[in-house]
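Below: my_file34.cif (mmCIF, C-alpha atoms and all ligand atoms)
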```
data_query
loop_
_atom_site.label_atom_id
_atom_site.label_comp_id
_atom_site.auth_asym_id
_atom_site.auth_seq_id
_atom_site.Cartn_x
_atom_site.Cartn_y
_atom_site.Cartn_z
CA MET A 265 60.94 2.66 -5.93
CA THR A 266 60.05 5.42 -3.55
CA TYR A 267 60.24 4.84 0.15
CA PHE A 268 59.11 7.13 2.91
CA LEU A 269 60.95 6.50 6.11
CA VAL A 270 59.09 7.69 9.11
CA SER A 271 61.11 7.81 12.26
CA HIS A 272 59.35 7.79 15.51
CA GLN A 273 60.66 7.56 19.03
CA ILE A 274 58.75 4.34 19.54
CA GLY A 275 59.45 2.61 16.25
CA THR A 276 60.30 2.91 12.58
CA VAL A 277 58.12 2.08 9.61
CA ALA A 278 59.07 1.88 5.97
CA ILE A 279 56.22 2.21 3.48
CA ASN A 280 56.55 1.08 -0.13
CA LYS A 281 54.39 3.57 -2.04
CA ARG A 282 53.58 1.17 -4.90
CA ASN A 283 52.36 -1.53 -2.62
CA ILE A 284 50.92 0.07 0.47
CA SER A 285 50.08 -3.33 1.92
CA SER A 286 53.75 -4.25 2.25
CA VAL A 287 54.21 -2.44 5.50
CA ILE A 288 57.18 -3.53 7.55
CA TRP A 289 56.58 -3.10 11.24
CA LYS A 290 59.63 -2.69 13.39
CA ASP A 291 59.82 -2.68 17.18
CA SER A 292 56.10 -3.49 17.27
CA PHE A 293 55.24 -0.06 15.89
CA LEU A 294 51.47 -0.52 15.95
CA GLU A 295 51.55 -2.14 19.36
CA ASN A 296 53.50 0.76 20.82
CA ILE A 297 51.24 3.38 19.27
CA LEU A 298 48.18 1.66 20.67
CA LYS A 299 49.80 1.36 24.08
CA ASN A 300 50.55 5.08 23.97
CA ILE A 301 46.97 5.97 23.07
CA LYS A 302 45.85 3.84 25.97
CA ARG A 303 48.30 5.42 28.38
CA ASN A 304 46.76 8.78 27.67
CA ALA A 305 43.24 7.67 28.27
CA ASN A 306 41.87 7.02 31.70
CA TYR A 307 41.16 3.31 31.55
CA LYS A 308 41.90 2.78 35.20
CA ARG A 309 38.29 3.23 36.24
CA LEU A 310 37.07 0.84 33.56
CA PHE A 311 39.59 -1.94 34.08
CA GLY A 312 40.28 -1.79 37.78
CA PRO A 313 43.39 -1.23 39.83
CA PRO A 314 46.86 -2.55 39.07
CA ALA A 315 47.82 -5.67 41.00
CA GLU A 316 50.30 -3.79 43.15
CA ALA A 317 47.48 -1.64 44.56
CA VAL A 318 45.54 -4.76 45.54
CA VAL A 319 48.32 -5.98 47.86
CA LYS A 320 49.75 -2.67 49.00
CA GLU A 321 48.37 -2.91 52.55
CA LEU A 322 49.47 -6.52 53.08
CA ASP A 323 52.52 -8.03 54.68
CA LEU A 324 52.93 -11.57 53.38
CA ALA A 325 56.11 -12.36 55.34
CA GLY A 326 56.22 -16.06 56.26
CA LYS A 327 53.83 -17.03 53.43
CA THR A 328 54.93 -19.24 50.57
CA CYS A 329 53.23 -19.18 47.18
CA LEU A 330 53.75 -21.65 44.36
CA ILE A 331 52.89 -20.26 40.93
CA THR A 332 53.01 -21.99 37.55
CA GLY A 333 53.64 -20.01 34.38
CA ALA A 334 55.52 -17.52 36.51
CA SER A 335 57.78 -16.56 33.62
CA GLY A 336 54.81 -15.38 31.56
CA SER A 337 53.27 -11.95 31.36
CA ILE A 338 50.60 -12.17 34.03
CA GLY A 339 52.47 -14.78 36.10
CA SER A 340 55.59 -12.64 36.41
CA GLU A 341 53.50 -9.62 37.45
CA VAL A 342 51.77 -11.69 40.13
CA THR A 343 55.20 -12.90 41.27
CA ARG A 344 56.52 -9.33 41.40
CA CYS A 345 53.60 -8.06 43.49
CA LEU A 346 53.74 -10.95 45.96
CA SER A 347 57.52 -10.81 46.36
CA LEU A 348 57.36 -7.06 47.01
CA ARG A 349 55.04 -7.84 49.95
CA ASN A 350 57.65 -10.29 51.35
CA CYS A 351 55.94 -13.47 50.16
CA ASN A 352 58.31 -16.33 49.24
CA VAL A 353 57.43 -17.25 45.69
CA LEU A 354 58.21 -20.65 44.22
CA MET A 355 58.27 -20.06 40.48
CA ALA A 356 57.46 -23.26 38.59
CA CYS A 357 58.61 -22.51 35.07
CA ARG A 358 59.34 -24.31 31.84
CA ASN A 359 62.32 -22.03 31.24
CA VAL A 360 64.11 -21.06 34.43
CA TYR A 361 66.58 -18.87 32.54
CA LYS A 362 63.68 -16.80 31.14
CA ALA A 363 62.09 -16.65 34.61
CA LYS A 364 65.33 -15.26 36.05
CA LEU A 365 65.51 -12.68 33.27
CA VAL A 366 61.94 -11.43 33.66
CA THR A 367 62.26 -11.10 37.42
CA ASN A 368 65.67 -9.45 37.27
CA ASN A 369 65.42 -5.93 38.74
CA THR A 370 61.66 -6.17 39.24
CA CYS A 371 61.32 -8.64 42.11
CA GLU A 372 62.78 -9.09 45.55
CA ARG A 373 65.19 -11.81 44.39
CA ASN A 374 65.80 -13.23 47.87
CA HIS A 375 62.09 -14.14 47.98
CA LEU A 376 62.23 -16.20 44.79
CA THR A 377 62.98 -19.91 44.25
CA PHE A 378 62.96 -21.41 40.78
CA TYR A 379 61.70 -24.87 39.87
CA GLN A 380 61.82 -26.29 36.38
CA VAL A 381 58.71 -28.00 35.01
CA ASN A 382 57.40 -28.89 31.60
CA LEU A 383 53.66 -29.24 32.00
CA ALA A 384 53.45 -31.24 28.79
CA SER A 385 55.04 -34.14 30.67
CA LEU A 386 53.70 -35.92 33.76
CA ALA A 387 57.23 -37.21 34.44
CA SER A 388 58.50 -33.62 34.55
CA VAL A 389 55.65 -32.63 36.88
CA LYS A 390 56.54 -35.54 39.17
CA THR A 391 60.21 -34.52 39.27
CA CYS A 392 59.28 -30.90 39.93
CA ALA A 393 56.96 -31.98 42.77
CA GLU A 394 59.72 -34.17 44.25
CA ASN A 395 62.13 -31.22 44.19
CA ILE A 396 59.58 -28.96 45.87
CA LEU A 397 58.78 -31.61 48.51
CA ALA A 398 62.50 -32.03 49.21
CA ASN A 399 63.07 -28.30 49.76
CA GLU A 400 59.85 -26.77 51.07
CA LYS A 401 57.99 -27.36 54.31
CA LYS A 402 54.64 -25.79 53.50
CA ILE A 403 52.80 -23.93 50.80
CA ASP A 404 50.15 -21.34 51.71
CA ILE A 405 49.07 -20.24 48.24
CA VAL A 406 49.00 -22.15 44.96
CA ILE A 407 48.33 -20.29 41.72
CA LEU A 408 47.74 -22.58 38.74
CA ASN A 409 48.37 -20.00 36.06
CA ALA A 410 50.37 -21.53 33.20
CA ALA A 411 48.67 -21.88 29.84
CA THR A 412 49.23 -22.22 26.17
CA PHE A 413 46.97 -21.42 23.24
CA GLY A 414 46.84 -21.30 19.44
CA LEU A 415 48.80 -24.51 18.87
CA PRO A 416 48.12 -26.94 16.07
CA TRP A 417 46.88 -30.31 17.33
CA THR A 418 49.66 -32.19 19.10
CA ILE A 419 49.85 -35.09 21.50
CA THR A 420 52.14 -35.13 24.51
CA GLU A 421 54.40 -38.00 25.55
CA ASP A 422 51.53 -39.01 27.88
CA GLY A 423 49.17 -39.41 24.93
CA LEU A 424 47.03 -36.37 25.79
CA GLU A 425 46.17 -33.32 23.72
CA THR A 426 48.75 -30.67 24.61
CA ILE A 427 46.60 -27.64 25.52
CA PHE A 428 44.40 -29.74 27.79
CA GLN A 429 47.39 -31.31 29.52
CA VAL A 430 49.38 -28.08 29.96
CA ASN A 431 46.53 -25.76 30.95
CA PHE A 432 44.72 -28.04 33.30
CA PHE A 433 45.60 -31.69 33.68
CA SER A 434 49.29 -31.48 34.65
CA GLN A 435 48.67 -28.57 36.98
CA TYR A 436 45.98 -30.46 38.82
CA TYR A 437 48.38 -33.40 39.08
CA LEU A 438 51.05 -31.07 40.48
CA LEU A 439 48.58 -29.89 43.12
CA MET A 440 47.77 -33.48 44.04
CA CYS A 441 51.48 -34.34 44.33
CA LEU A 442 52.01 -31.47 46.76
CA ASP A 443 48.99 -32.27 48.93
CA LYS A 444 51.01 -33.14 52.03
CA ILE A 445 52.71 -29.74 52.25
CA LEU A 446 49.61 -27.64 51.57
CA SER A 447 49.02 -25.59 54.71
CA SER A 448 45.80 -26.10 56.65
CA ASP A 449 44.50 -22.77 55.31
CA VAL A 450 45.95 -23.00 51.81
CA ARG A 451 44.36 -20.93 49.05
CA VAL A 452 44.36 -22.43 45.58
CA VAL A 453 43.69 -20.15 42.63
CA PHE A 454 43.03 -21.39 39.11
CA THR A 455 43.66 -18.71 36.50
CA SER A 456 40.44 -19.07 34.59
CA SER A 457 38.76 -17.43 31.64
CA GLU A 458 35.31 -16.20 30.67
CA SER A 459 35.71 -18.34 27.57
CA HIS A 460 34.85 -21.40 29.68
CA ARG A 461 31.22 -20.54 28.84
CA ASN A 462 31.53 -21.70 25.25
CA ILE A 463 31.57 -25.44 25.92
CA ASN A 464 28.73 -27.92 25.64
CA TRP A 465 29.28 -31.50 26.67
CA PRO A 466 27.31 -34.72 26.60
CA LEU A 467 25.84 -35.82 29.93
CA SER A 468 28.82 -38.06 30.65
CA PRO A 469 31.99 -36.76 28.99
CA THR A 470 34.67 -39.24 28.01
CA LEU A 471 38.41 -38.84 27.52
CA GLU A 472 37.76 -37.66 23.94
CA ASP A 473 35.56 -34.81 25.16
CA ILE A 474 38.33 -33.33 27.27
CA SER A 475 41.49 -34.38 25.44
CA LEU A 476 40.27 -33.72 21.91
CA PRO A 477 41.18 -35.99 18.99
CA GLN A 478 42.48 -34.28 15.86
CA ASP A 479 39.17 -34.33 13.95
CA ARG A 480 37.33 -32.49 16.75
CA TYR A 481 40.16 -30.16 17.65
CA THR A 482 40.40 -26.41 17.52
CA SER A 483 42.80 -24.68 19.87
CA ILE A 484 40.04 -22.37 21.14
CA LYS A 485 37.84 -25.33 21.99
CA SER A 486 40.63 -27.11 23.80
CA TYR A 487 41.57 -23.93 25.68
CA ASN A 488 37.93 -23.41 26.75
CA ILE A 489 37.69 -27.02 27.91
CA SER A 490 40.82 -26.60 30.03
CA LYS A 491 39.33 -23.52 31.71
CA LEU A 492 35.97 -25.22 32.28
CA CYS A 493 37.79 -28.17 33.91
CA GLY A 494 39.48 -25.73 36.31
CA LEU A 495 36.11 -24.34 37.41
CA LEU A 496 34.58 -27.79 37.80
CA LEU A 497 37.49 -28.98 39.92
CA MET A 498 37.32 -25.83 42.01
CA HIS A 499 33.87 -27.05 43.05
CA TYR A 500 35.15 -30.57 43.57
CA LEU A 501 38.01 -29.40 45.79
CA SER A 502 35.73 -27.15 47.83
CA TYR A 503 33.64 -30.22 48.59
CA LEU A 504 36.71 -32.36 49.33
CA TRP A 505 37.97 -29.65 51.68
CA TYR A 506 34.60 -28.98 53.28
CA GLU A 507 35.03 -28.07 56.96
CA THR A 508 38.75 -27.50 56.58
CA GLY A 509 40.38 -24.09 56.35
CA LYS A 510 41.43 -24.75 52.75
CA SER A 511 39.87 -22.64 50.03
CA VAL A 512 39.84 -22.53 46.27
CA PHE A 513 39.02 -19.79 43.76
CA CYS A 514 38.98 -19.18 40.03
CA ALA A 515 40.09 -15.81 38.68
CA HIS A 516 39.40 -14.39 35.22
CA PRO A 517 42.22 -11.89 34.53
CA GLY A 518 40.45 -10.09 31.67
CA SER A 519 40.00 -10.67 27.97
CA PHE A 520 42.45 -10.02 25.11
CA ILE A 521 45.28 -8.96 27.40
CA LYS A 522 48.31 -8.64 25.13
CA SER A 523 50.64 -11.29 26.53
CA GLY A 524 52.65 -14.26 25.37
CA LEU A 525 49.44 -16.27 25.08
CA CYS A 526 48.74 -15.21 21.50
CA ARG A 527 52.29 -15.80 20.22
CA ASN A 528 51.65 -19.14 18.53
CA TRP A 529 49.68 -17.78 15.57
CA TRP A 530 50.11 -14.46 13.81
CA ALA A 531 46.34 -13.96 13.46
CA TYR A 532 45.85 -14.09 17.23
CA GLU A 533 48.87 -11.83 17.69
CA ALA A 534 47.29 -9.28 15.32
CA LEU A 535 43.90 -9.53 17.02
CA TYR A 536 45.39 -9.03 20.50
CA ILE A 537 47.40 -6.03 19.27
CA LEU A 538 44.26 -4.45 17.82
CA MET A 539 42.46 -5.02 21.11
CA ILE A 540 45.11 -3.25 23.22
CA PRO A 541 43.15 0.02 23.62
CA PHE A 542 40.10 -1.92 24.80
CA SER A 543 41.70 -4.41 27.15
CA LYS A 544 43.42 -4.53 30.51
CA SER A 545 47.13 -4.04 30.91
CA ILE A 546 49.19 -6.95 32.25
CA THR A 547 49.25 -5.45 35.73
CA GLN A 548 45.48 -4.93 35.72
CA GLY A 549 45.11 -8.51 34.49
CA ALA A 550 47.12 -9.77 37.45
CA SER A 551 44.96 -7.97 40.01
CA THR A 552 42.08 -10.47 40.34
CA ILE A 553 44.55 -13.35 40.72
CA VAL A 554 46.48 -11.50 43.41
CA TYR A 555 43.18 -10.58 45.09
CA CYS A 556 42.06 -14.23 45.18
CA ALA A 557 45.45 -15.32 46.48
CA THR A 558 45.76 -12.81 49.30
CA SER A 559 42.71 -10.72 50.11
CA PRO A 560 41.51 -10.90 53.73
CA GLU A 561 38.04 -10.10 52.35
CA LEU A 562 37.83 -13.66 50.99
CA LYS A 563 38.59 -15.30 54.33
CA GLY A 564 36.05 -18.03 55.08
CA MET A 565 34.91 -18.19 51.45
CA THR A 566 35.59 -20.89 48.91
CA ALA A 567 34.46 -22.04 45.43
CA VAL A 568 34.07 -18.51 44.11
CA TYR A 569 34.71 -17.40 40.54
CA LEU A 570 35.94 -13.80 40.34
CA ASN A 571 36.30 -11.23 37.61
CA ASN A 572 37.49 -7.65 38.26
CA CYS A 573 38.09 -8.62 41.92
CA LYS A 574 34.36 -9.30 42.31
CA ARG A 575 32.25 -12.40 42.47
CA CYS A 576 30.99 -13.44 39.08
CA GLU A 577 28.53 -16.13 38.08
CA GLU A 578 30.20 -19.00 36.22
CA SER A 579 28.35 -20.91 33.48
CA ASP A 580 25.61 -23.38 34.44
CA LEU A 581 27.82 -26.25 33.29
CA ALA A 582 30.70 -25.03 35.47
CA LYS A 583 28.32 -25.01 38.47
CA ASP A 584 27.00 -28.50 37.84
CA PHE A 585 28.38 -30.52 40.75
CA ASN A 586 27.52 -33.86 39.13
CA MET A 587 29.72 -32.79 36.24
CA SER A 588 32.49 -31.87 38.72
CA ILE A 589 32.44 -35.42 40.08
CA LYS A 590 32.40 -36.93 36.59
CA ILE A 591 35.35 -34.85 35.42
CA HIS A 592 37.26 -35.56 38.60
CA ASP A 593 36.68 -39.29 38.17
CA LEU A 594 37.82 -39.03 34.57
CA VAL A 595 40.97 -37.20 35.65
CA LEU A 596 41.71 -39.94 38.19
CA GLU A 597 41.12 -42.61 35.56
CA ILE A 598 43.53 -40.95 33.14
CA LEU A 599 46.16 -40.59 35.87
CA ARG A 600 45.69 -44.16 37.08
CA ASP A 601 46.69 -45.38 33.61
CA ARG A 602 49.83 -43.24 33.60
CA VAL A 603 51.13 -43.02 37.19
CA ASP A 604 52.62 -45.96 39.12
CA ASN A 605 51.01 -46.82 42.48
CA PHE A 606 48.40 -44.16 41.83
CA ASP A 607 45.75 -45.45 44.24
CA ILE A 608 48.23 -45.76 47.11
CA LEU A 609 49.77 -42.34 46.53
CA PHE A 610 46.56 -40.39 46.00
CA LYS A 611 43.97 -41.95 48.25
CA ASN A 612 43.00 -38.49 49.60
CA TYR A 613 41.67 -37.57 46.18
CA SER A 614 39.74 -40.75 45.51
CA SER A 615 36.26 -40.64 44.02
CA LEU A 616 33.23 -39.48 45.99
CA LYS A 617 31.12 -42.28 44.49
N1 LIG B 1 46.04 -12.92 28.12
C1 LIG B 1 44.71 -13.00 28.19
O1 LIG B 1 43.96 -12.25 27.54
C2 LIG B 1 44.06 -14.00 29.11
C3 LIG B 1 42.66 -14.05 29.18
C4 LIG B 1 42.06 -14.97 30.01
C5 LIG B 1 42.84 -15.84 30.76
N2 LIG B 1 44.20 -15.78 30.67
C6 LIG B 1 44.99 -16.73 31.46
O2 LIG B 1 46.01 -16.05 32.17
C7 LIG B 1 47.08 -16.98 32.45
C8 LIG B 1 48.42 -16.35 32.14
O3 LIG B 1 48.51 -16.17 30.73
P1 LIG B 1 49.34 -14.98 30.06
O4 LIG B 1 48.36 -14.15 29.36
O5 LIG B 1 50.28 -14.38 31.04
O6 LIG B 1 50.14 -15.82 28.95
P2 LIG B 1 51.72 -16.06 28.74
O7 LIG B 1 52.44 -14.78 28.78
O8 LIG B 1 51.80 -16.88 27.50
O9 LIG B 1 52.14 -16.94 29.99
C9 LIG B 1 51.87 -18.33 30.01
C10 LIG B 1 52.85 -19.02 30.93
O10 LIG B 1 52.59 -20.43 30.86
C11 LIG B 1 53.84 -21.08 30.66
N3 LIG B 1 53.75 -22.34 29.92
C12 LIG B 1 53.26 -22.54 28.68
N4 LIG B 1 53.45 -23.81 28.33
C13 LIG B 1 54.09 -24.43 29.36
C14 LIG B 1 54.58 -25.73 29.59
N5 LIG B 1 54.46 -26.70 28.69
N6 LIG B 1 55.18 -26.00 30.77
C15 LIG B 1 55.32 -25.05 31.70
N7 LIG B 1 54.89 -23.78 31.55
C16 LIG B 1 54.28 -23.48 30.38
C17 LIG B 1 54.65 -20.10 29.83
O11 LIG B 1 56.02 -20.48 29.91
P3 LIG B 1 57.08 -20.01 28.80
O12 LIG B 1 57.41 -18.61 29.21
O13 LIG B 1 58.20 -20.96 28.94
O14 LIG B 1 56.38 -20.11 27.49
C18 LIG B 1 54.31 -18.80 30.52
O15 LIG B 1 55.09 -18.65 31.68
C19 LIG B 1 46.76 -18.23 31.62
O16 LIG B 1 46.16 -19.20 32.45
C20 LIG B 1 45.74 -17.74 30.62
O17 LIG B 1 44.88 -18.78 30.18
C21 LIG B 1 44.84 -14.88 29.87
#
```
Please express the file's structure as structure tokens.
Amino acid sequence: MTYFLVSHQIGTVAINKRNISSVIWKDSFLENILKNIKRNANYKRLFGPPAEAVVKELDLAGKTCLITGASGSIGSEVTRCLSLRNCNVLMACRNVYKAKLVTNNTCERNHLTFYQVNLASLASVKTCAENILANEKKIDIVILNAATFGLPWTITEDGLETIFQVNFFSQYYLLMCLDKILSSDVRVVFTSSESHRNINWPLSPTLEDISLPQDRYTSIKSYNISKLCGLLLMHYLSYLWYETGKSVFCAHPGSFIKSGLCRNWWAYEALYILMIPFSKSITQGASTIVYCATSPELKGMTAVYLNNCKRCEESDLAKDFNMSIKIHDLVLEILRDRVDNFDILFKNYSSLK
């Protein structure tokens, strides 16, 4: 058997001549080549500035930001940029050890506090919220950024479909739990996605339309639902916080950004690698989130969906305020069944009906 070994500074590939399809990739050979091609091209104009440039004029000393999914690709970049501008960042992470590793040497460590949370469990969210309430006096920015994708259908210990619970439901619950320490001019940012457009619902969705049963499930559909719910509840919160200084935004980071999001299925991993030359880098992906969280240009605004640091029109369904109320009521109903003393604890969020 003849092998050609091709050494390259960014990886090594061994090609079996008889069976050219059995290519063994090492050190993400293809990924690194594509990244290199991209580095040489001027994509900056096309994909916008890196997140660091968005905050470079700001001093965020005295501000505290809570971010979920802070150990992930985009989340850790947002954390880095905010901490470099003196913002105290509360990193709510499933894996605190990983969060410490990814922020090692990149962030201002004295601005970071780590909180453990598994968003697939309401009990874990409650414990995380209790820990935050015990240690923190106020939160000025909340970035609901954690997400998962590409999973086979699974149900959490709370009886909800996992992607829906992790990407949206638990994070909204976390926000509700922290209500009393949200500052009077808090900014809440949902990390959203353009893919929210691909959902059609009946006039009055039920639990099964948002937490999909196995026979209706695809991970893309569930992911899109979770992002649509974020946009709908952005509108709900803007109404709830009408005539207060509190504001809420949704930010689309970009499409096909090669991150941990595609890790659960090799086909997505391959697709995202192939899209590297045509997509934003992680730091460009973080820029719209950072912009929503900090930009003085957004002062006085609320309920805005942004893409590329600019206002963008969300889907008609995402703008339907009746649907916002229905989904919010459904969320409360689901929580009421699962959280003790719900109506006493969360009367601020009660239905608008
Ligand atoms: N990448 C894209 O092309 C793209 C496009 C549109 C929108 N977005 C959005 O951008 C945001 C950031 O995604 P990313 O691309 O940076 O993906 P990522 O690298 O996979 O980061 C996702 C983060 O969510 C956390 N997470 C997942 N499951 C969790 C759980 N059960 N409990 C607590 N945390 C959990 C992960 O924690 P672990 O590190 O422990 O897994 C990780 O920190 C997401 O909201 C995503 O939907 C991304």
Closest pair table for segment 306-344 of chain A residues within 12 Å of segment 440-457 of chain A, all atoms listed in the file, as a tab-separated table:
```
residue	atom	partner	partner_atom	distance
A:Lys327	CA	A:Ser447	CA	9.9
A:Thr328	CA	A:Ser447	CA	9.6
A:Cys329	CA	A:Arg451	CA	9.2
A:Leu330	CA	A:Val452	CA	9.5
A:Ile331	CA	A:Val453	CA	9.4
A:Thr332	CA	A:Thr455	CA	10.0
A:Gly333	CA	A:Thr455	CA	10.3
A:Ala334	CA	A:Thr455	CA	11.9
A:Ile338	CA	A:Thr455	CA	9.9
A:Gly339	CA	A:Thr455	CA	9.7
A:Val342	CA	A:Thr455	CA	11.3
```
Let me have the centre and edge lengths of the axis-aligned box enclosing all listed atoms of segment 350-358 of chain A with 8 Å padding on every side, in Å to one decimal, as lines of an AutoDock Vina configuration file.
```
center_x = 57.6
center_y = -17.3
center_z = 41.6
size_x = 19.4
size_y = 30.0
size_z = 35.5
```
Next item on the list: Just give me the gap between atom CA of Val568 of chain A and atom CA of Asn409 of chain A in Å, one decimal is fine.
Entry: 16.5 Å
6 Å from ligand LIG 1 (chain B) is the threshold here; counting all atoms listed in the file, which polymer residues fall inside it? Answer as a tab-separated table (two decimals) with C-alpha atoms, keeping the file's coordinate frame.
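Once everything was written out, this is result-v8.tsv:
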```tsv
chain	number	residue	atom	x	y	z
A	333	GLY	CA	53.64	-20.01	34.38
A	334	ALA	CA	55.52	-17.52	36.51
A	335	SER	CA	57.78	-16.56	33.62
A	336	GLY	CA	54.81	-15.38	31.56
A	337	SER	CA	53.27	-11.95	31.36
A	338	ILE	CA	50.60	-12.17	34.03
A	339	GLY	CA	52.47	-14.78	36.10
A	357	CYS	CA	58.61	-22.51	35.07
A	358	ARG	CA	59.34	-24.31	31.84
A	359	ASN	CA	62.32	-22.03	31.24
A	381	VAL	CA	58.71	-28.00	35.01
A	382	ASN	CA	57.40	-28.89	31.60
A	383	LEU	CA	53.66	-29.24	32.00
A	384	ALA	CA	53.45	-31.24	28.79
A	409	ASN	CA	48.37	-20.00	36.06
A	410	ALA	CA	50.37	-21.53	33.20
A	411	ALA	CA	48.67	-21.88	29.84
A	412	THR	CA	49.23	-22.22	26.17
A	430	VAL	CA	49.38	-28.08	29.96
A	455	THR	CA	43.66	-18.71	36.50
A	456	SER	CA	40.44	-19.07	34.59
A	457	SER	CA	38.76	-17.43	31.64
A	516	HIS	CA	39.40	-14.39	35.22
A	517	PRO	CA	42.22	-11.89	34.53
A	518	GLY	CA	40.45	-10.09	31.67
A	519	SER	CA	40.00	-10.67	27.97
A	520	PHE	CA	42.45	-10.02	25.11
A	521	ILE	CA	45.28	-8.96	27.40
A	522	LYS	CA	48.31	-8.64	25.13
A	523	SER	CA	50.64	-11.29	26.53
A	524	GLY	CA	52.65	-14.26	25.37
A	525	LEU	CA	49.44	-16.27	25.08
```
Next item on the list: Give me the residues within 12 Å of segment 413-427 of chain A as JSON, numbers by chain, counting all atoms listed in the file and dropping any in the same chain fewer than 2 places off.
Entry: {"A": [382, 383, 384, 385, 386, 387, 388, 389, 410, 411, 429, 430, 431, 432, 433, 434, 435, 471, 472, 473, 474, 475, 476, 477, 478, 479, 480, 481, 482, 483, 484, 485, 486, 487, 488, 489, 490, 491, 523, 524, 525, 526, 527, 528, 529, 530, 531, 532, 533, 595, 598, 599, 601, 602, 603]}
Next item on the list: Figure out the distance between atom CA of Ser347 of chain A and atom CA of Tyr361 of chain A, please, to one decimal in Å.
Entry: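 According to the coordinates, atom CA of Tyr361 of chain A and atom CA of Ser347 of chain A are separated by 18.4 Å.
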Note to self: Let me make sure I understand: among A:Thr470, A:Thr558, A:Ser579, A:Asn369, which one has the smallest atom-to-atom distance to Glu458 of chain A if we use only C-alpha atoms?
What the structure shows: A:Ser579
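Taking atom CA of Val554 of chain A and atom CA of Thr391 of chain A as the two end points, the separation is 27.1 Å.
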Margin query: Using all atoms listed in the file for the distances, tell me which of A:Thr566, A:Ile405, A:Ile546, A:Phe428 is nearest to Thr508 of chain A.
Written below: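 Among the listed residues, the smallest separation from Thr508 of chain A belongs to A:Thr566.
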Notebook entry, point to check: Pick the closest to Phe513 of chain A from A:Lys563, A:Arg349, A:Lys590, A:Lys544: which is it, counting all atoms listed in the file?
Noted result: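 Checking each of A:Lys563, A:Arg349, A:Lys590, A:Lys544 against Phe513 of chain A, counting all atoms listed in the file, the winner is A:Lys563.
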Note to self: Considering only C-alpha atoms, can you say which of A:Glu372, A:Ile403, A:Tyr500, A:Pro313 comes closest to Gly326 of chain A?
What the structure shows: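 Answer, going by the shortest atom-to-atom distance: A:Ile403.
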Note to self: Report as an MDAnalysis selection string all protein, DNA and RNA residues lying within 9 Å of Ser551 of chain A, evaluated on all atoms listed in the file, omitting residues in the same chain fewer than 6 positions from it.
What the structure shows: chainID A and resid 312:319 342 517 572:573
Margin query: Calculated over all atoms listed in the file, which of the candidates A:Ser559, A:Ser588, A:Thr552, A:Ser545 has the smallest distance to Cys576 of chain A?
Written below: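 The shortest atom-to-atom distance to Cys576 of chain A comes from A:Thr552.
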Note to self: Could you check the closest approach to Phe311 of chain A for each of A:Ser511, A:Asn571, A:Asn605, A:Thr370 and tell me which residue wins, using all atoms listed in the file?
What the structure shows: A:Asn571
